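So the structure is just underneath, and the comments pick up after that.
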Amino acid sequence: MQTTTVHETHADVHVHGPGHGGGHHHTETFISKYIFSLDHKTIGKQFLIMGMAWAIIGGFMSVLFRVQLGWPDETFPVLERIFSTWFTDGKLNPEAYYSLITMHGTIMVFFVLTASLSGTFANVLIPLQIGARDMASPLMNALSFWFFFIAGVVMFASLFLPTGAASAGWTIYPPLSALPQTSPGSGNGMTFWLIAMVLFVASTLLGGLNYVSTVLNMRTKGMTMFRLPLTVWALFFTAIIGILSFPVLVSCVVLLIFDRGLGTSFYLSNIVIGGKALPYAGGSPILFQHLFWFLGHPEVYIIILPAMGMVSEILAVHSRKPIFGYKAMIFSILGITVLGFIVWAHHMYLSGMNPFLGSVFTLFTLLIAIPSAVKVFNWLTTLWRGNIRITPPSMFAIGFVSMFISGGLTGIWLGNSTIDIQLHDTYFVVAHFHIVMGIAAFFGMFAGIYHWFPRMFGRMMNETMAYIHFAITFIGAYLIFWPMHFIGLAGVPRRYYSFNEIEAFSQYGDLNKLISVATIIVFLGQFLFLVNFFWSMYRGRKSVQNPWQANTLEWTSPIEGIHGNWDGELPTVHRWPYDYSRDPNSDIDFIPQTVPLTEEEKKDKIHH
Amino acid sequence: MAIILGLLTLVLLYIVIVQISKASDLIKSLRSGDEHEESFGNGALFTSFIGFAVLIYSIVTCFVYAPTMLPKPASEQGVWINDLMNITIVLTGVVFIITQVLLFWFVYKYHYRKGRKAYFFADNNKLEVAWTVVPAIVLTFLIGFGIQKWFKIFSPAPKDAVLIEATGKQYAWSIRYSGADHTLGKRDFSLVNPDNELGINWNDAASHDDFMADEIVLPVNKPVSINVGALDVIHNFWLPHFRLMMSAVPGVPTHLWFRPTITTEEMKKETNNPNFEYVVACNKLCGSGHYNMKKKVRVVSQEEYEKWFSEQKSYYTTVVKPAMESGAFKMPVSEVAENTAAASANGFSGKLSTGFELVGAVNGGVENKLVTFIQSDKQVAKDIWFSFDRLLFETGKSTLKPSSQEQLKNISEIMKAFPAVEIKLGGYTDNVGDQKANLKLSDSRAKAVMAELIKLGVAANRIKAEGYGDQFPVATNETDAGRQQNRRIDIRVTKK
């Protein structure tokens, strides 16, 4: 078999010195080890740290605009002193407000929950959980990070432009995004945004192709597809979705660049500004929306699938039970992946597209609730009659399930085109997507970090701080986003700088204050996580080899994280990863994947 | 000072938490492995408690905030949407409560206990089929019900519907009613010019009885058909109380129809709010003024509607025809190129000699009028005033809203581009309220604008400001729209 030979040659390279620290290259410098590293574990950590930085920036932006929404009549001279270009007379300018919400969305959706979430865990977990020495192409892997890094530099730079960062919303619908005369943010800020996104997609594709080929070709001996942990399945499908949908975003963005710079009319037609007819003809703004959401919708699954995969794994490990319905979980991921590609126009029910299309997309959209429901019921059954260890990872995984239920159910409202006539683009939508893909994905990410921290850094994170972090984040997230459902049902549109200009929407002053206070507390609460993270990295309790007593392969690799992942031969896999509490007579409630099947087990038909 | 104290408290709080946490780590490392395992169940009550607390909060707030939400739907279509929504609320609500209760109950009931074994339960086909099929049936019902109403809502409008055209532009809705002939005059993009933004073809006789309305007035229980469109960017025509919306897309005509069933007066009683008004709001981000793009809607009885309708003046006969006769209005020509050329020759390109490009200045706006006047050979005169069109004050105060900055910046740049020019600012109010107070308010507003311009770098000796109260109205004080025009700041060139 060709793949086996690859492993062995690779092994030969690295195993020249099992006696001295496990195959380290002696010539590694600080730069080659930590900065331009080709090691998947280091690249994963780079994605994580970068993502944390972006999450703080994106989160802080939300604090700034929540200040405006919570206290629309107050002035904040202190903030003006720090952010002098964004504030006038102590108040956030509408232009700056719209730049902030645009950048908040872009940063959180793309930089944190796409690049960093997939980037961190696909890199750290895929090779370790399938038993590979590294990614299929370590160089592409490193390039993926550096493209992400450069995209971030361009995006960050746009904040300092005199005309401001892009301000047309993270969905950048033209003509607003195409015509600088309609909004200052559609000047250079938008150009930077578009360039950053092209670089970002390059990063995603380099990473995604690598993840897919690694999962398909580099599994260790005995690791059949149906013995893969659900994390790997989820990351695998995530990468496939990204490969199929992100190129469409590039084409969408490139056509917009043409419209902005070359005078083409892909998205523009019959535009009148200040009584002047602009010479655009024949394009359609709705075409942009189709292209954008062809990525944009699968994008939400790119965000949520890795979290689902990690939560499945973590709930099984910590409840000491096999995940219920392993194959159903895989097929539901597959179902979500396939359906995820044919529901994009549910973002456009009222865009002016043909109402007939609305009915077709309603059908597919509501169908996607079925695999989602299967997953929820399977997680609940996994907890049922378990012996659940309440740890930071399992707490956040449980929090994820709660968020996914809350946010998923409102999807049944919005997915139904008829109800969407009332709720489209109101605060109800803000509540829905923040809970189901924002907060839920963050919970999945936190669960993953708390769970695999010992694998990444050889130490445990502090549990007391993690519990407080959980309580603040979980309660705070509900306090922030739950009431937004009510604001949406009162008809308040999203992306409003102030609620006070329209009488029908002005009754939520107190509630907005409450939401803003909760936002600030939750934001400050995240620093507890950061303190815990960096403090534990150096001072945390030392981890044992397999701190959670889990079955998967990553816990068999040496704790110090050597280059090449395993000393000597790669582990051989004999069973699926979910043999928890399989033998009721044994005192040990887990059987790692590397343990050969007993004669009795071979006769047993279920799961090996 | 308060901020420093706050920060200090925060830092101290952090230090306390971190220290306590470290201690707990120390205790853990001192414990034997067995004792450590014991602690695996400790967080169960905590997690479960938080879960149930949040669940109770979610349910209770639904009832607490219910009265703040939209009153009952004011259209037939809204009632259908509401019915479907109520069914969905009940179904998803039941699932929400059951699943969340199970989740946090399991967390407590099955938390770690030493010596207990988890139940090895990997598969059960019957269960899995059950929770695939049951949701599928429920969803099929919701899909069927939804699609049926969807097609009903988007069916063709009845023939007798009142026909209105709503056109969005940054940041206002212009409303055109078809007159007595129930037909809107044709529009042609190639006819667009600053005097005819919509590009209405005045040669089409159907356009001659169309009128433009300041508010949307609708007869109760009659179908209303609305052609929705936009000039510059995408807007969204959102009628919250009727539960209906439709995107307004440049170049893509859209449409919506509905039957209002409750008059404004009835709704005032229904909501117990004497100030209740229906409204159209913009529901698609369209730029920095998005949050304030609204139009009043009034639903009235058939008689009131007919009376109002008969009072409206055709735009063609009152504005277009006289202008054409006096030669001030250009007859439609059909070349876009000609038009745009004419438009830019007519107005001013927006770029100043200093290189500054005026932001958001439109033809007919104060910037253009000011520059055109300065550049023209017209003499400075006491009665040549131009009104600011994008200055907004806080109600009853002389505090400028932040959105006014754009225009102020433009004016200050114009002052820089023409250093010889000196100006006077006049403040005016409508005639509502106390005359003295009005005079005072108008004065302080004019001075606020002056202060703002000085702040933007215009020399103080080039500007004067005075309030005139309710003197010199430019429109009638009898109507809302007229009063709004009278509340203004004007600018006059005193030297050039």
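Each chain of the structure tokens is named A, B, ... in the order shown, its residues numbered from 1; ligands are numbered from 1 in display order.
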
How close does each residue of range 166-251 of chain A get to range 318-337 of chain A, giving the shortest atom pair and distance in Å to one decimal for every residue with an atom at most 7 Å away, counting only C-alpha atoms, sorted by chain and residue number, as a Markdown table?
```
| residue | atom | partner | partner_atom | distance |
| --- | --- | --- | --- | --- |
| A:Trp233 | CA | A:Ile330 | CA | 7.0 |
| A:Ala234 | CA | A:Ile333 | CA | 6.9 |
| A:Ile241 | CA | A:Thr337 | CA | 6.8 |
```

Please extract the residues of range 124-317 of chain B with a backbone DSSP assignment of strand (DSSP E) and present them as a PyMOL selection string. chain B and resi 162-169+172-177+211-213+216-219+224-230+235-239+244-248+254-258+278-282+294-300

How many Å lie between CA of Ser543 in chain A and CA of Arg459 in chain A, rounded to one decimal? 4.5 Å

How many Å lie between CA of Cys62 in chain B and CA of Thr519 in chain A, rounded to one decimal?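 Computing the Euclidean distance for CA of Cys62 in chain B and CA of Thr519 in chain A yields 20.5 Å.
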
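When only C-alpha atoms are used to measure the gap to Trp384 in chain A, the shortest distance among B:Leu244, B:Asn82, B:Gln484, B:Phe106 belongs to B:Phe106.
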
Which one of B:Val449, B:Ala2, B:Ala281, B:Ile411 sits closest to Phe356 in chain B if you count only C-alpha atoms? B:Ile411

Measure the distance from CA of Ala53 in chain B to CA of Ile412 in chain A in Å and round it to one decimal.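 CA of Ala53 in chain B sits 24.7 Å away from CA of Ile412 in chain A.
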
Please provide the set of residues having any atom within 7 Å of Val343 in chain A, restricted to only C-alpha atoms, with same-chain residues fewer than 4 positions apart removed, written as an NGL selection string. :A and (339 or 361 or 364-365)

Would you pick out the contacts of range 180-190 of chain A at 10 Å or less, using only C-alpha atoms, so that residues sharing its chain but fewer than 2 positions from it are not included, and give the list as a PDB file with N, CA and C atoms, in the first residue's frame?
```
ATOM      1  N   GLU A  95     -21.305  56.569  11.093  1.00  0.00           N
ATOM      2  CA  GLU A  95     -20.395  55.916  10.138  1.00  0.00           C
ATOM      3  C   GLU A  95     -19.512  54.906  10.866  1.00  0.00           C
ATOM      4  N   ALA A  96     -18.968  55.348  12.016  1.00  0.00           N
ATOM      5  CA  ALA A  96     -18.102  54.445  12.778  1.00  0.00           C
ATOM      6  C   ALA A  96     -18.904  53.266  13.306  1.00  0.00           C
ATOM      7  N   TYR A  98     -21.438  51.838  11.885  1.00  0.00           N
ATOM      8  CA  TYR A  98     -21.635  50.851  10.824  1.00  0.00           C
ATOM      9  C   TYR A  98     -20.336  50.154  10.435  1.00  0.00           C
ATOM     10  N   SER A  99     -19.206  50.858  10.538  1.00  0.00           N
ATOM     11  CA  SER A  99     -17.927  50.175  10.317  1.00  0.00           C
ATOM     12  C   SER A  99     -17.703  49.116  11.389  1.00  0.00           C
ATOM     13  N   THR A 102     -19.837  46.044  10.885  1.00  0.00           N
ATOM     14  CA  THR A 102     -19.342  45.306   9.721  1.00  0.00           C
ATOM     15  C   THR A 102     -18.092  44.519  10.075  1.00  0.00           C
ATOM     16  N   VAL A 154      -4.197  43.149   6.475  1.00  0.00           N
ATOM     17  CA  VAL A 154      -4.902  44.054   5.563  1.00  0.00           C
ATOM     18  C   VAL A 154      -6.216  44.509   6.198  1.00  0.00           C
ATOM     19  N   MET A 155      -6.952  43.565   6.780  1.00  0.00           N
ATOM     20  CA  MET A 155      -8.238  43.892   7.377  1.00  0.00           C
ATOM     21  C   MET A 155      -8.046  44.877   8.533  1.00  0.00           C
ATOM     22  N   ALA A 157      -5.571  46.934   9.006  1.00  0.00           N
ATOM     23  CA  ALA A 157      -5.118  48.234   8.509  1.00  0.00           C
ATOM     24  C   ALA A 157      -6.303  49.090   8.082  1.00  0.00           C
ATOM     25  N   SER A 158      -7.356  48.449   7.564  1.00  0.00           N
ATOM     26  CA  SER A 158      -8.482  49.228   7.049  1.00  0.00           C
ATOM     27  C   SER A 158      -9.164  50.034   8.152  1.00  0.00           C
ATOM     28  N   LEU A 159      -8.959  49.625   9.410  1.00  0.00           N
ATOM     29  CA  LEU A 159      -9.572  50.371  10.517  1.00  0.00           C
ATOM     30  C   LEU A 159      -8.989  51.778  10.632  1.00  0.00           C
ATOM     31  N   PHE A 160      -7.794  51.983  10.082  1.00  0.00           N
ATOM     32  CA  PHE A 160      -7.119  53.260  10.285  1.00  0.00           C
ATOM     33  C   PHE A 160      -7.212  54.176   9.071  1.00  0.00           C
ATOM     34  N   LEU A 161      -7.982  53.761   8.062  1.00  0.00           N
ATOM     35  CA  LEU A 161      -8.123  54.611   6.884  1.00  0.00           C
ATOM     36  C   LEU A 161      -8.925  55.864   7.236  1.00  0.00           C
ATOM     37  N   PRO A 162      -8.596  57.000   6.606  1.00  0.00           N
ATOM     38  CA  PRO A 162      -9.345  58.221   6.923  1.00  0.00           C
ATOM     39  C   PRO A 162     -10.834  58.112   6.592  1.00  0.00           C
ATOM     40  N   THR A 163     -11.185  57.319   5.564  1.00  0.00           N
ATOM     41  CA  THR A 163     -12.609  57.187   5.239  1.00  0.00           C
ATOM     42  C   THR A 163     -13.266  56.062   6.034  1.00  0.00           C
ATOM     43  N   GLY A 164     -12.500  55.406   6.885  1.00  0.00           N
ATOM     44  CA  GLY A 164     -13.072  54.366   7.727  1.00  0.00           C
ATOM     45  C   GLY A 164     -13.068  53.004   7.071  1.00  0.00           C
ATOM     46  N   ALA A 165     -13.259  51.982   7.908  1.00  0.00           N
ATOM     47  CA  ALA A 165     -13.302  50.613   7.410  1.00  0.00           C
ATOM     48  C   ALA A 165     -14.628  50.383   6.687  1.00  0.00           C
ATOM     49  N   ALA A 166     -14.719  49.250   5.998  1.00  0.00           N
ATOM     50  CA  ALA A 166     -15.953  48.895   5.288  1.00  0.00           C
ATOM     51  C   ALA A 166     -17.134  49.032   6.236  1.00  0.00           C
ATOM     52  N   SER A 167     -18.265  49.516   5.701  1.00  0.00           N
ATOM     53  CA  SER A 167     -19.390  49.753   6.604  1.00  0.00           C
ATOM     54  C   SER A 167     -20.716  49.306   5.999  1.00  0.00           C
ATOM     55  N   ALA A 168     -20.668  48.360   5.050  1.00  0.00           N
ATOM     56  CA  ALA A 168     -21.904  47.945   4.397  1.00  0.00           C
ATOM     57  C   ALA A 168     -22.475  46.675   5.019  1.00  0.00           C
ATOM     58  N   ILE A 172     -21.855  42.815   2.841  1.00  0.00           N
ATOM     59  CA  ILE A 172     -21.464  43.798   1.818  1.00  0.00           C
ATOM     60  C   ILE A 172     -22.332  43.805   0.555  1.00  0.00           C
ATOM     61  N   PRO A 174     -23.960  45.013  -2.615  1.00  0.00           N
ATOM     62  CA  PRO A 174     -23.976  46.166  -3.496  1.00  0.00           C
ATOM     63  C   PRO A 174     -25.416  46.556  -3.772  1.00  0.00           C
ATOM     64  N   PRO A 175     -25.703  47.721  -4.246  1.00  0.00           N
ATOM     65  CA  PRO A 175     -24.811  48.825  -4.646  1.00  0.00           C
ATOM     66  C   PRO A 175     -24.149  49.588  -3.493  1.00  0.00           C
ATOM     67  N   LEU A 176     -24.602  49.395  -2.256  1.00  0.00           N
ATOM     68  CA  LEU A 176     -24.008  50.171  -1.160  1.00  0.00           C
ATOM     69  C   LEU A 176     -22.494  49.961  -1.103  1.00  0.00           C
ATOM     70  N   SER A 177     -22.058  48.702  -1.277  1.00  0.00           N
ATOM     71  CA  SER A 177     -20.627  48.422  -1.169  1.00  0.00           C
ATOM     72  C   SER A 177     -19.887  48.801  -2.445  1.00  0.00           C
ATOM     73  N   ALA A 178     -20.620  48.996  -3.531  1.00  0.00           N
ATOM     74  CA  ALA A 178     -19.961  49.251  -4.810  1.00  0.00           C
ATOM     75  C   ALA A 178     -19.743  50.734  -5.076  1.00  0.00           C
ATOM     76  N   PHE A 192      -9.910  47.413   0.830  1.00  0.00           N
ATOM     77  CA  PHE A 192      -9.099  46.598   1.747  1.00  0.00           C
ATOM     78  C   PHE A 192      -9.851  45.336   2.143  1.00  0.00           C
ATOM     79  N   TRP A 193     -11.141  45.492   2.419  1.00  0.00           N
ATOM     80  CA  TRP A 193     -11.952  44.345   2.847  1.00  0.00           C
ATOM     81  C   TRP A 193     -11.914  43.257   1.775  1.00  0.00           C
ATOM     82  N   LEU A 194     -12.099  43.696   0.512  1.00  0.00           N
ATOM     83  CA  LEU A 194     -12.165  42.727  -0.578  1.00  0.00           C
ATOM     84  C   LEU A 194     -10.822  42.023  -0.767  1.00  0.00           C
ATOM     85  N   ILE A 195      -9.735  42.797  -0.685  1.00  0.00           N
ATOM     86  CA  ILE A 195      -8.408  42.182  -0.842  1.00  0.00           C
ATOM     87  C   ILE A 195      -8.167  41.195   0.294  1.00  0.00           C
ATOM     88  N   ALA A 196      -8.500  41.617   1.515  1.00  0.00           N
ATOM     89  CA  ALA A 196      -8.287  40.729   2.666  1.00  0.00           C
ATOM     90  C   ALA A 196      -9.056  39.430   2.484  1.00  0.00           C
ATOM     91  N   ILE A 257     -15.164  43.742  -7.385  1.00  0.00           N
ATOM     92  CA  ILE A 257     -13.968  44.561  -7.616  1.00  0.00           C
ATOM     93  C   ILE A 257     -14.037  45.162  -9.024  1.00  0.00           C
ATOM     94  N   ARG A 260     -16.451  47.976  -9.103  1.00  0.00           N
ATOM     95  CA  ARG A 260     -15.946  49.156  -8.393  1.00  0.00           C
ATOM     96  C   ARG A 260     -14.844  49.857  -9.169  1.00  0.00           C
ATOM     97  N   ILE A 273     -28.280  58.768  -8.347  1.00  0.00           N
ATOM     98  CA  ILE A 273     -27.803  59.375  -7.105  1.00  0.00           C
ATOM     99  C   ILE A 273     -27.829  60.887  -7.261  1.00  0.00           C
TER     100      ILE A 273
ATOM    101  N   GLN B 170     -31.458  57.196  -0.263  1.00  0.00           N
ATOM    102  CA  GLN B 170     -30.839  57.580   1.002  1.00  0.00           C
ATOM    103  C   GLN B 170     -31.406  58.915   1.476  1.00  0.00           C
ATOM    104  N   ASP B 232     -30.875  54.377  -5.332  1.00  0.00           N
ATOM    105  CA  ASP B 232     -29.422  54.343  -5.163  1.00  0.00           C
ATOM    106  C   ASP B 232     -28.893  53.001  -4.678  1.00  0.00           C
ATOM    107  N   VAL B 233     -29.343  52.565  -3.486  1.00  0.00           N
ATOM    108  CA  VAL B 233     -28.866  51.296  -2.938  1.00  0.00           C
ATOM    109  C   VAL B 233     -30.101  50.483  -2.540  1.00  0.00           C
ATOM    110  N   CYS B 286     -28.605  50.677   4.543  1.00  0.00           N
ATOM    111  CA  CYS B 286     -28.507  51.478   3.324  1.00  0.00           C
ATOM    112  C   CYS B 286     -27.561  52.662   3.517  1.00  0.00           C
ATOM    113  N   GLY B 287     -26.781  52.640   4.579  1.00  0.00           N
ATOM    114  CA  GLY B 287     -25.846  53.741   4.823  1.00  0.00           C
ATOM    115  C   GLY B 287     -26.058  54.318   6.212  1.00  0.00           C
ATOM    116  N   SER B 288     -25.381  55.442   6.497  1.00  0.00           N
ATOM    117  CA  SER B 288     -25.328  55.900   7.886  1.00  0.00           C
ATOM    118  C   SER B 288     -26.661  56.450   8.387  1.00  0.00           C
ATOM    119  N   GLY B 289     -27.604  56.740   7.506  1.00  0.00           N
ATOM    120  CA  GLY B 289     -28.893  57.240   7.981  1.00  0.00           C
ATOM    121  C   GLY B 289     -29.967  56.175   8.003  1.00  0.00           C
ATOM    122  N   GLU B 357     -13.579  66.558  -1.598  1.00  0.00           N
ATOM    123  CA  GLU B 357     -14.821  66.170  -2.253  1.00  0.00           C
ATOM    124  C   GLU B 357     -15.944  66.214  -1.250  1.00  0.00           C
ATOM    125  N   LEU B 358     -16.959  66.984  -1.555  1.00  0.00           N
ATOM    126  CA  LEU B 358     -18.094  67.103  -0.649  1.00  0.00           C
ATOM    127  C   LEU B 358     -18.732  65.732  -0.455  1.00  0.00           C
ATOM    128  N   VAL B 359     -19.048  65.419   0.795  1.00  0.00           N
ATOM    129  CA  VAL B 359     -19.605  64.112   1.099  1.00  0.00           C
ATOM    130  C   VAL B 359     -21.126  64.193   1.145  1.00  0.00           C
ATOM    131  N   GLY B 360     -21.774  63.381   0.353  1.00  0.00           N
ATOM    132  CA  GLY B 360     -23.232  63.264   0.433  1.00  0.00           C
ATOM    133  C   GLY B 360     -23.983  64.480  -0.078  1.00  0.00           C
ATOM    134  N   ALA B 361     -23.260  65.407  -0.722  1.00  0.00           N
ATOM    135  CA  ALA B 361     -23.952  66.606  -1.198  1.00  0.00           C
ATOM    136  C   ALA B 361     -24.729  66.260  -2.457  1.00  0.00           C
TER     137      ALA B 361
END
```

Name the residues in contact with Thr362 in chain A at a cut-off of 10 Å, using only C-alpha atoms, excluding same-chain residues fewer than 3 positions from it; report them as a list in words.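 In the requested format, the answer is Val343, Ala345, His346, Tyr349, Leu357, Gly358, Ser359, Thr365, Leu366, Leu367, Ile412, Leu414, Gly415, Asn416, Ser417 and Thr418 of chain A; Leu142, Ile143, Gly144, Gly146 and Ile147 of chain B.
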
Which residues are near range 262-271 of chain A? Cut-off 6 Å, only C-alpha atoms, ignore same chain within fewer than 6 positions. Put them as a PyMOL selection string. (chain A and resi 277-278+280-285) or (chain B and resi 231-232+251)

Run DSSP on the backbone and tell me which residues of range 47-144 of chain B come out as alpha helix (DSSP H); list them as number ranges by chain. B: 47-65, 76-109, 125-144

Point out the residue among A:Lys276, A:Ile388, A:Met437, A:Val573 with the least atom-to-atom distance to Val109 in chain A, counting only C-alpha atoms.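 Of all the options, A:Met437 lies closest to Val109 in chain A.
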
Neighbour list for Phe211 in chain B as an NGL selection string, cut-off 12 Å, only C-alpha atoms, skip fewer than 3 positions in-chain: :B and (163-165 or 174-185 or 200 or 206-208 or 214-216 or 308-320)
